[in-house]
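See below for the structure under consideration.
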Amino acid sequence: MSKLEQVLKIEPPNELRFRGPFTDVVTSDLLLQNPSERRVCFKVKTTAPKRYCVRPNSGIIDPNSTVTVAVMLQPFDYDPNEKNKHKFMVQTLFAPDGPIESQENVWKDISADQLMDSKLKCVFELPVEAAPKTVNIPPEEPFADVTTTTPEKVAVTPKTNSVNVEVRKLQEDKKRLEQEVNRLLHENSGLKEEGVRLRKVAMSDTVSGTPAYQPTESTVEQLPLNNIPSIVYLIAAIILGLILGKFIL
């Protein structure tokens, strides 16, 4: 039995293009248009489910309605050999009449001849200035369901900044030198005060140690000699007075 032709109009029809650099999440939109008069269930699969996040990855498109699917490529190291290795597949089927309690049960109960699908390849476009790397081409993987939640980002521990280490070391050396300078200044001030005190003590000892004036031996001996004429004159005057007194009496 021939395979059913895809009922949805898919844009882009053949390729999903992702433009780098790929150091952050890169998003490519996929438009799913339902031109029919029936509801259509869809599901998006990929050969690299760990590398992509798709929102929504499944759902129901009402007649003559369009759904935009965001295909988010997670950050990775670019490999030029992978530019055509990843593929996406949009699977569809006509929704059963009446309310749908579980889309999962609808997909489980459907037969293969009721499925419709379209395949798209991924194209990675890297800026010209980025240099490609050569890596072995991995084998092609089967299609698998993709998640709607963004994978948890891996925490990256920043490298120790050697410049900051050197700066801290220089600051510690500067503080240590300032303390040493302050200590030397304090010692120098103490030495100055001690020098002033010693000079005062020396001057005091010099003044108190100077002997009082005392006449020399030669000076003492000369004093009586200098006073001899006065004594002789006095004695002579007394004798002369006595002689004169005898004559008068």
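Chain labels follow the order of the structure tokens: the first chain is A, the next B, and so on; residue numbering restarts at 1 in every chain, and ligands are counted from 1 in their shown order.
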message: Quick check for you: according to DSSP on this backbone, which residues of region 7-202 of chain A are classed as strand (DSSP E)? Reply as a count of residues only.
response: 61
- line: The residue from A:Ile60, A:Met72, A:Cys122, A:Ile110 with the smallest atom-to-atom distance to Met89 (chain A), counting only C-alpha atoms, is A:Cys122
query: Which residues come within 12 Å of Val106 (chain A), counting only C-alpha atoms, excluding same-chain residues fewer than 5 positions away, as a list of chain:residue names?
result: A:Val40, A:Cys41, A:Phe42, A:Lys43, A:Gly59, A:Ile60, A:Thr92, A:Leu93, A:Phe94, A:Ala95, A:Pro96, A:Asp97, A:Pro99, A:Ile100, A:Glu101, A:Ser111, A:Gln114, A:Leu115
